[in-house]
$ cat start-v6.txt   # compact mmCIF, C-alpha atoms and all ligand atoms
# COMPACT_ATOMS: atom_id res chain seq x y z
CA MET X 727 -67.70 14.65 132.30
CA LEU X 728 -68.97 17.40 134.59
CA LYS X 729 -72.16 16.45 136.43
CA ILE X 730 -74.25 18.90 138.41
CA GLU X 731 -77.10 17.29 140.33
CA ASN X 732 -79.86 18.94 142.34
CA PHE X 733 -77.61 21.88 142.93
CA SER X 734 -79.06 24.81 144.88
CA LEU X 735 -77.33 28.05 145.73
CA ALA X 736 -78.41 30.79 148.12
CA LEU X 737 -77.02 34.08 149.30
CA ALA X 738 -78.19 34.80 152.84
CA LYS X 739 -81.94 34.19 152.45
CA GLN X 740 -82.04 34.88 148.69
CA ASN X 741 -82.40 31.72 146.58
CA LEU X 742 -80.25 32.03 143.46
CA LEU X 743 -80.50 28.54 141.99
CA SER X 744 -82.82 25.68 142.88
CA ASN X 745 -82.20 22.06 141.99
CA LEU X 746 -80.10 22.62 138.89
CA THR X 747 -79.23 19.36 137.13
CA MET X 748 -77.05 19.32 134.03
CA SER X 749 -74.06 17.54 132.58
CA VAL X 750 -71.29 18.62 130.24
CA GLY X 751 -69.32 16.05 128.26
CA ALA X 752 -65.71 16.07 127.10
CA GLY X 753 -65.20 18.73 124.41
CA GLU X 754 -68.74 20.01 124.94
CA ILE X 755 -69.53 23.66 125.67
CA VAL X 756 -72.74 24.41 127.53
CA THR X 757 -73.87 28.03 127.40
CA ILE X 758 -75.75 29.64 130.27
CA MET X 759 -77.79 32.81 129.87
CA GLY X 760 -79.86 34.75 132.37
CA PRO X 761 -80.56 38.24 133.69
CA SER X 762 -77.99 40.22 135.60
CA GLY X 763 -77.67 39.10 139.21
CA CYS X 764 -79.42 35.73 138.78
CA GLY X 765 -76.36 33.79 139.91
CA LYS X 766 -74.47 32.75 136.76
CA SER X 767 -71.02 33.84 137.97
CA SER X 768 -71.78 32.46 141.42
CA LEU X 769 -72.47 29.05 139.87
CA LEU X 770 -69.05 29.20 138.18
CA ALA X 771 -67.47 30.24 141.49
CA ALA X 772 -69.11 27.27 143.23
CA ILE X 773 -67.67 24.92 140.61
CA ALA X 774 -64.21 26.51 140.79
CA GLY X 775 -64.23 26.65 144.60
CA THR X 776 -63.99 30.43 144.84
CA LEU X 777 -67.41 31.16 146.29
CA ASP X 778 -67.31 33.92 148.91
CA GLU X 779 -68.53 33.48 152.47
CA GLY X 780 -72.23 34.17 152.75
CA PHE X 781 -73.23 31.76 149.99
CA THR X 782 -74.58 28.33 150.85
CA CYS X 783 -75.00 25.46 148.45
CA SER X 784 -76.37 21.94 148.41
CA GLY X 785 -76.50 19.09 145.91
CA SER X 786 -73.51 17.69 144.09
CA ILE X 787 -70.99 18.72 141.46
CA SER X 788 -68.58 16.09 140.18
CA LEU X 789 -65.87 15.99 137.55
CA ALA X 790 -64.79 12.62 136.15
CA GLY X 791 -66.63 10.99 139.05
CA LYS X 792 -64.89 12.99 141.79
CA SER X 793 -66.87 15.35 143.97
CA LEU X 794 -65.62 18.90 143.45
CA LEU X 795 -67.44 20.44 146.38
CA ASP X 796 -65.37 18.38 148.80
CA MET X 797 -62.10 19.20 147.06
CA PRO X 798 -59.84 22.18 147.93
CA GLN X 799 -59.75 24.82 145.19
CA SER X 800 -56.08 24.16 144.45
CA GLN X 801 -56.81 20.53 143.53
CA ARG X 802 -59.79 21.11 141.26
CA GLN X 803 -57.76 21.90 138.09
CA VAL X 804 -60.44 24.25 136.81
CA GLY X 805 -59.48 27.01 134.37
CA ILE X 806 -61.45 30.25 134.46
CA LEU X 807 -61.59 33.01 131.87
CA PHE X 808 -63.20 36.33 132.68
CA GLN X 809 -64.32 39.34 130.69
CA ASP X 810 -61.19 41.15 131.92
CA ASP X 811 -58.11 39.14 131.19
CA LEU X 812 -55.86 38.68 134.19
CA LEU X 813 -52.57 38.84 132.34
CA PHE X 814 -49.56 40.20 134.21
CA PRO X 815 -48.96 43.62 132.63
CA HIS X 816 -45.26 43.76 133.58
CA PHE X 817 -44.44 40.40 132.02
CA ASN X 818 -44.13 39.89 128.29
CA VAL X 819 -46.26 37.39 126.35
CA ALA X 820 -43.87 34.44 126.81
CA GLN X 821 -43.51 35.08 130.54
CA ASN X 822 -47.28 35.20 130.92
CA LEU X 823 -47.61 31.91 129.06
CA GLN X 824 -44.80 30.28 130.98
CA TYR X 825 -46.72 31.04 134.17
CA GLY X 826 -49.60 28.91 132.89
CA LEU X 827 -47.50 26.00 131.77
CA VAL X 828 -47.83 22.76 133.76
CA GLN X 829 -44.67 21.58 135.51
CA SER X 830 -44.16 18.61 133.18
CA LYS X 831 -43.97 20.92 130.13
CA GLN X 832 -41.51 23.40 131.67
CA PRO X 833 -38.39 21.76 130.17
CA GLN X 834 -39.82 22.28 126.65
CA ALA X 835 -41.35 25.66 127.53
CA LYS X 836 -39.77 27.51 124.63
CA GLN X 837 -41.11 25.18 121.95
CA VAL X 838 -44.53 24.75 123.60
CA ILE X 839 -45.01 28.53 123.80
CA GLU X 840 -43.80 29.04 120.24
CA GLN X 841 -46.30 26.44 118.98
CA ALA X 842 -49.18 27.81 121.10
CA LEU X 843 -48.66 31.33 119.73
CA ALA X 844 -48.45 30.02 116.17
CA ASP X 845 -51.75 28.11 116.71
CA ALA X 846 -53.34 31.32 117.97
CA GLY X 847 -52.27 33.25 114.86
CA MET X 848 -49.65 35.19 116.82
CA PRO X 849 -46.33 33.70 115.69
CA GLY X 850 -43.26 35.45 117.04
CA TYR X 851 -45.12 37.43 119.73
CA GLN X 852 -43.08 35.98 122.63
CA GLN X 853 -41.23 39.18 123.56
CA ARG X 854 -44.11 41.60 123.05
CA ASP X 855 -45.27 43.67 126.04
CA ILE X 856 -48.83 42.95 127.12
CA ALA X 857 -49.64 46.67 126.85
CA SER X 858 -48.73 46.64 123.16
CA LEU X 859 -51.32 43.96 122.27
CA SER X 860 -54.79 44.56 120.86
CA GLY X 861 -57.84 43.45 122.85
CA GLY X 862 -58.22 40.33 120.70
CA GLN X 863 -54.57 39.41 121.05
CA ARG X 864 -54.73 39.81 124.82
CA ALA X 865 -57.82 37.62 124.85
CA ARG X 866 -55.99 34.93 122.89
CA VAL X 867 -52.95 35.03 125.19
CA SER X 868 -55.29 34.77 128.14
CA VAL X 869 -56.99 31.66 126.71
CA LEU X 870 -53.64 30.11 125.84
CA ARG X 871 -52.36 30.68 129.37
CA SER X 872 -55.44 28.93 130.80
CA LEU X 873 -55.14 26.03 128.38
CA LEU X 874 -51.42 25.49 128.91
CA ALA X 875 -52.24 24.74 132.53
CA GLU X 876 -54.11 21.69 131.13
CA PRO X 877 -57.27 22.21 133.17
CA LYS X 878 -59.75 19.36 133.52
CA LEU X 879 -62.63 21.80 133.02
CA ILE X 880 -62.85 25.37 131.73
CA LEU X 881 -65.29 28.06 132.83
CA LEU X 882 -65.79 31.08 130.56
CA ASP X 883 -67.41 34.11 132.16
CA GLU X 884 -68.28 36.49 129.30
CA PRO X 885 -64.79 36.31 127.80
CA PHE X 886 -65.98 37.77 124.47
CA SER X 887 -67.91 40.77 125.70
CA LYS X 888 -65.17 43.35 125.17
CA LEU X 889 -64.35 42.30 121.63
CA ASP X 890 -65.86 43.86 118.53
CA LYS X 891 -68.07 41.74 116.29
CA PRO X 892 -65.60 40.39 113.69
CA LEU X 893 -63.01 39.65 116.37
CA ARG X 894 -65.63 38.03 118.53
CA LYS X 895 -66.55 35.62 115.76
CA GLN X 896 -62.94 34.68 115.13
CA PHE X 897 -62.20 34.29 118.83
CA ARG X 898 -65.27 32.13 119.48
CA GLN X 899 -64.05 29.72 116.82
CA PHE X 900 -60.58 29.69 118.34
CA VAL X 901 -61.94 28.87 121.79
CA ARG X 902 -64.26 26.19 120.43
CA ASP X 903 -61.42 24.49 118.53
CA LYS X 904 -59.13 24.55 121.57
CA ILE X 905 -61.75 23.05 123.86
CA GLU X 906 -62.51 20.30 121.37
CA GLU X 907 -58.81 19.61 120.98
CA LEU X 908 -58.31 19.29 124.73
CA ALA X 909 -61.55 17.27 125.05
CA ILE X 910 -62.55 18.90 128.31
CA PRO X 911 -66.01 20.08 129.39
CA ALA X 912 -66.66 23.83 129.30
CA ILE X 913 -69.34 26.20 130.58
CA LEU X 914 -69.82 29.58 128.98
CA VAL X 915 -71.76 32.39 130.64
CA THR X 916 -72.94 35.12 128.29
CA HIS X 917 -75.60 37.75 127.64
CA ASP X 918 -75.30 37.33 123.88
CA ALA X 919 -77.18 34.45 122.21
CA GLU X 920 -74.70 34.63 119.31
CA ASP X 921 -71.98 33.46 121.67
CA CYS X 922 -73.56 29.99 121.95
CA LEU X 923 -70.69 27.88 120.79
CA GLN X 924 -72.60 24.66 120.22
CA ALA X 925 -76.12 23.80 121.38
CA PRO X 926 -78.81 26.36 122.38
CA PRO X 927 -78.24 27.89 125.82
CA ILE X 928 -79.57 26.79 129.16
CA SER X 929 -81.59 29.80 130.19
CA PHE X 930 -81.86 30.99 133.77
CA PHE X 931 -84.56 33.49 132.75
CA SER X 932 -87.68 32.78 134.77
N1 LIG G 1 -68.94 38.44 146.79
C1 LIG G 1 -70.24 38.69 146.92
N2 LIG G 1 -70.75 39.09 148.10
C2 LIG G 1 -72.05 39.36 148.24
N3 LIG G 1 -72.96 39.24 147.25
C3 LIG G 1 -72.51 38.82 146.06
C4 LIG G 1 -71.13 38.52 145.83
N4 LIG G 1 -70.99 38.13 144.54
C5 LIG G 1 -72.22 38.20 144.00
N5 LIG G 1 -73.12 38.61 144.90
C6 LIG G 1 -74.57 38.76 144.69
O1 LIG G 1 -75.06 37.48 144.29
C7 LIG G 1 -76.06 37.62 143.29
C8 LIG G 1 -75.64 36.82 142.07
O2 LIG G 1 -74.49 37.45 141.50
P1 LIG G 1 -73.76 36.86 140.21
O3 LIG G 1 -72.54 37.68 139.99
O4 LIG G 1 -73.61 35.40 140.38
O5 LIG G 1 -74.85 37.16 139.09
P2 LIG G 1 -74.71 37.06 137.51
O6 LIG G 1 -75.92 36.30 137.04
O7 LIG G 1 -73.39 36.50 137.11
O8 LIG G 1 -74.81 38.59 137.10
P3 LIG G 1 -74.20 39.42 135.86
O9 LIG G 1 -74.87 38.90 134.63
O10 LIG G 1 -74.61 40.82 136.16
O11 LIG G 1 -72.71 39.22 135.88
C9 LIG G 1 -76.22 39.12 143.06
O12 LIG G 1 -77.33 39.55 143.82
C10 LIG G 1 -74.93 39.71 143.55
O13 LIG G 1 -75.12 41.03 144.03
$ encode --input "start-v6.txt" --output "structure tokens"
Amino acid sequence: MLKIENFSLALAKQNLLSNLTMSVGAGEIVTIMGPSGCGKSSLLAAIAGTLDEGFTCSGSISLAGKSLLDMPQSQRQVGILFQDDLLFPHFNVAQNLQYGLVQSKQPQAKQVIEQALADAGMPGYQQRDIASLSGGQRARVSVLRSLLAEPKLILLDEPFSKLDKPLRKQFRQFVRDKIEELAIPAILVTHDAEDCLQAPPISFFS
């Protein structure tokens, strides 16, 4: 479980978040909404350990009982998905997925990748160039790459915003199923109430 307790975040003298307390259970997806610039992505960065200098935070964030704020970024095992996928354009689909694969799965990489692509409705796409994929296919490869790294928590920063409506619906379901399957907590930041994958959103609108 992810637990955020009395968490406050400031940028120079600007208060972004004050005393946020929330928890996210295994397989649960909590959605966060709020106006542009209110600090949603910064909260995700604080959890992932990628907050830039200039931000200060207080309170606690723990995952499975371990404090994340005290942990180096490399040890946090947090997966992040952004609006723009960060796939390597010069690698094909399989090479991109292999990059995400945890060390223990490397010996069976071929089979694991084959199965992951089949699960994502993209069987046989291993050798395809990234540039030849549609937006929805790129999005799916991007999610798969994050999930193959077996993160202990996943943070989704508007990953659906570039997809058209029918694709968005299909992709939301795909992400929800994968997170439930992995039984890890997830936080989704969005501007679109329809993106709420489970319960109603936590709103940062004041
Ligand atoms: N690297 C940075 N350096 C300085 N200021 C930053 C940095 N990143 C974000 N900010 C500022 O911090 C505030 C919160 O930004 P953040 O990206 O967290 O907002 P957001 O709620 O995710 O916005 P949006 O919905 O527009 O993506 C904004 O005022 C933004 O300009």
$ residues_around --input "start-v6.txt" --residues "range 822-826 of chain X" --least-positions-apart "5" --cutoff "6 Å" --atoms "all atoms listed in the file" --output "list in words"
Arg871, Leu874 and Ala875 of chain X
$ atom_distance --input "start-v6.txt" --atom1 "CA of Phe817 in chain X" --atom2 "CA of Met848 in chain X"
16.9 Å
$ atom_distance --input "start-v6.txt" --atom1 "CA of Pro885 in chain X" --atom2 "CA of Phe897 in chain X"
9.6 Å
$ residues_around --input "start-v6.txt" --residues "Glu906 in chain X" --least-positions-apart "3" --cutoff "12 Å" --atoms "all atoms listed in the file" --output "list of chain:residue names"
X:Gly751, X:Ala752, X:Gly753, X:Glu754, X:Ile755, X:Leu873, X:Leu879, X:Ile880, X:Gln899, X:Phe900, X:Val901, X:Arg902, X:Asp903, X:Ala909, X:Ile910, X:Pro911, X:Ala912, X:Leu923, X:Gln924
$ write_last_selection --input "start-v6.txt" --atoms "C-alpha atoms" --output "PDB file, in the coordinates of the input"
ATOM      1  CA  GLY X 751     -69.320  16.050 128.260  1.00  0.00           C
ATOM      2  CA  ALA X 752     -65.710  16.070 127.100  1.00  0.00           C
ATOM      3  CA  GLY X 753     -65.200  18.730 124.410  1.00  0.00           C
ATOM      4  CA  GLU X 754     -68.740  20.010 124.940  1.00  0.00           C
ATOM      5  CA  ILE X 755     -69.530  23.660 125.670  1.00  0.00           C
ATOM      6  CA  LEU X 873     -55.140  26.030 128.380  1.00  0.00           C
ATOM      7  CA  LEU X 879     -62.630  21.800 133.020  1.00  0.00           C
ATOM      8  CA  ILE X 880     -62.850  25.370 131.730  1.00  0.00           C
ATOM      9  CA  GLN X 899     -64.050  29.720 116.820  1.00  0.00           C
ATOM     10  CA  PHE X 900     -60.580  29.690 118.340  1.00  0.00           C
ATOM     11  CA  VAL X 901     -61.940  28.870 121.790  1.00  0.00           C
ATOM     12  CA  ARG X 902     -64.260  26.190 120.430  1.00  0.00           C
ATOM     13  CA  ASP X 903     -61.420  24.490 118.530  1.00  0.00           C
ATOM     14  CA  ALA X 909     -61.550  17.270 125.050  1.00  0.00           C
ATOM     15  CA  ILE X 910     -62.550  18.900 128.310  1.00  0.00           C
ATOM     16  CA  PRO X 911     -66.010  20.080 129.390  1.00  0.00           C
ATOM     17  CA  ALA X 912     -66.660  23.830 129.300  1.00  0.00           C
ATOM     18  CA  LEU X 923     -70.690  27.880 120.790  1.00  0.00           C
ATOM     19  CA  GLN X 924     -72.600  24.660 120.220  1.00  0.00           C
TER      20      GLN X 924
END
$ residues_around --input "start-v6.txt" --residues "Leu859 in chain X" --least-positions-apart "3" --cutoff "12 Å" --atoms "only C-alpha atoms" --output "MDAnalysis selection string"
chainID X and resid 813 815 818:819 848 851:856 862:868
$ atom_distance --input "start-v6.txt" --atom1 "CA of Ala919 in chain X" --atom2 "CA of Ile773 in chain X"
22.8 Å
$ closest_atom_pairs --input "start-v6.txt" --of "chain X" --to "ligand LIG 1 (chain G)" --cutoff "6 Å" --atoms "all atoms listed in the file" --output "Markdown table"
| residue | atom | partner | partner_atom | distance |
| --- | --- | --- | --- | --- |
| X:Pro761 | CA | G:LIG1 | O9 | 5.8 |
| X:Ser762 | CA | G:LIG1 | O10 | 3.5 |
| X:Gly763 | CA | G:LIG1 | O5 | 3.4 |
| X:Cys764 | CA | G:LIG1 | O6 | 4.0 |
| X:Gly765 | CA | G:LIG1 | O4 | 3.2 |
| X:Lys766 | CA | G:LIG1 | O6 | 3.8 |
| X:Ser767 | CA | G:LIG1 | O7 | 3.7 |
| X:Ser768 | CA | G:LIG1 | O4 | 3.6 |
| X:Asp778 | CA | G:LIG1 | N1 | 5.3 |
$ closest_residue --input "start-v6.txt" --among "X:Ala772, X:Leu843, X:Val750, X:Ile913" --to "Leu795 in chain X" --atoms "all atoms listed in the file"
X:Ala772
$ closest_residue --input "start-v6.txt" --among "X:Gly760, X:Pro892, X:Pro798, X:Gly791" --to "Asp918 in chain X" --atoms "all atoms listed in the file"
X:Gly760
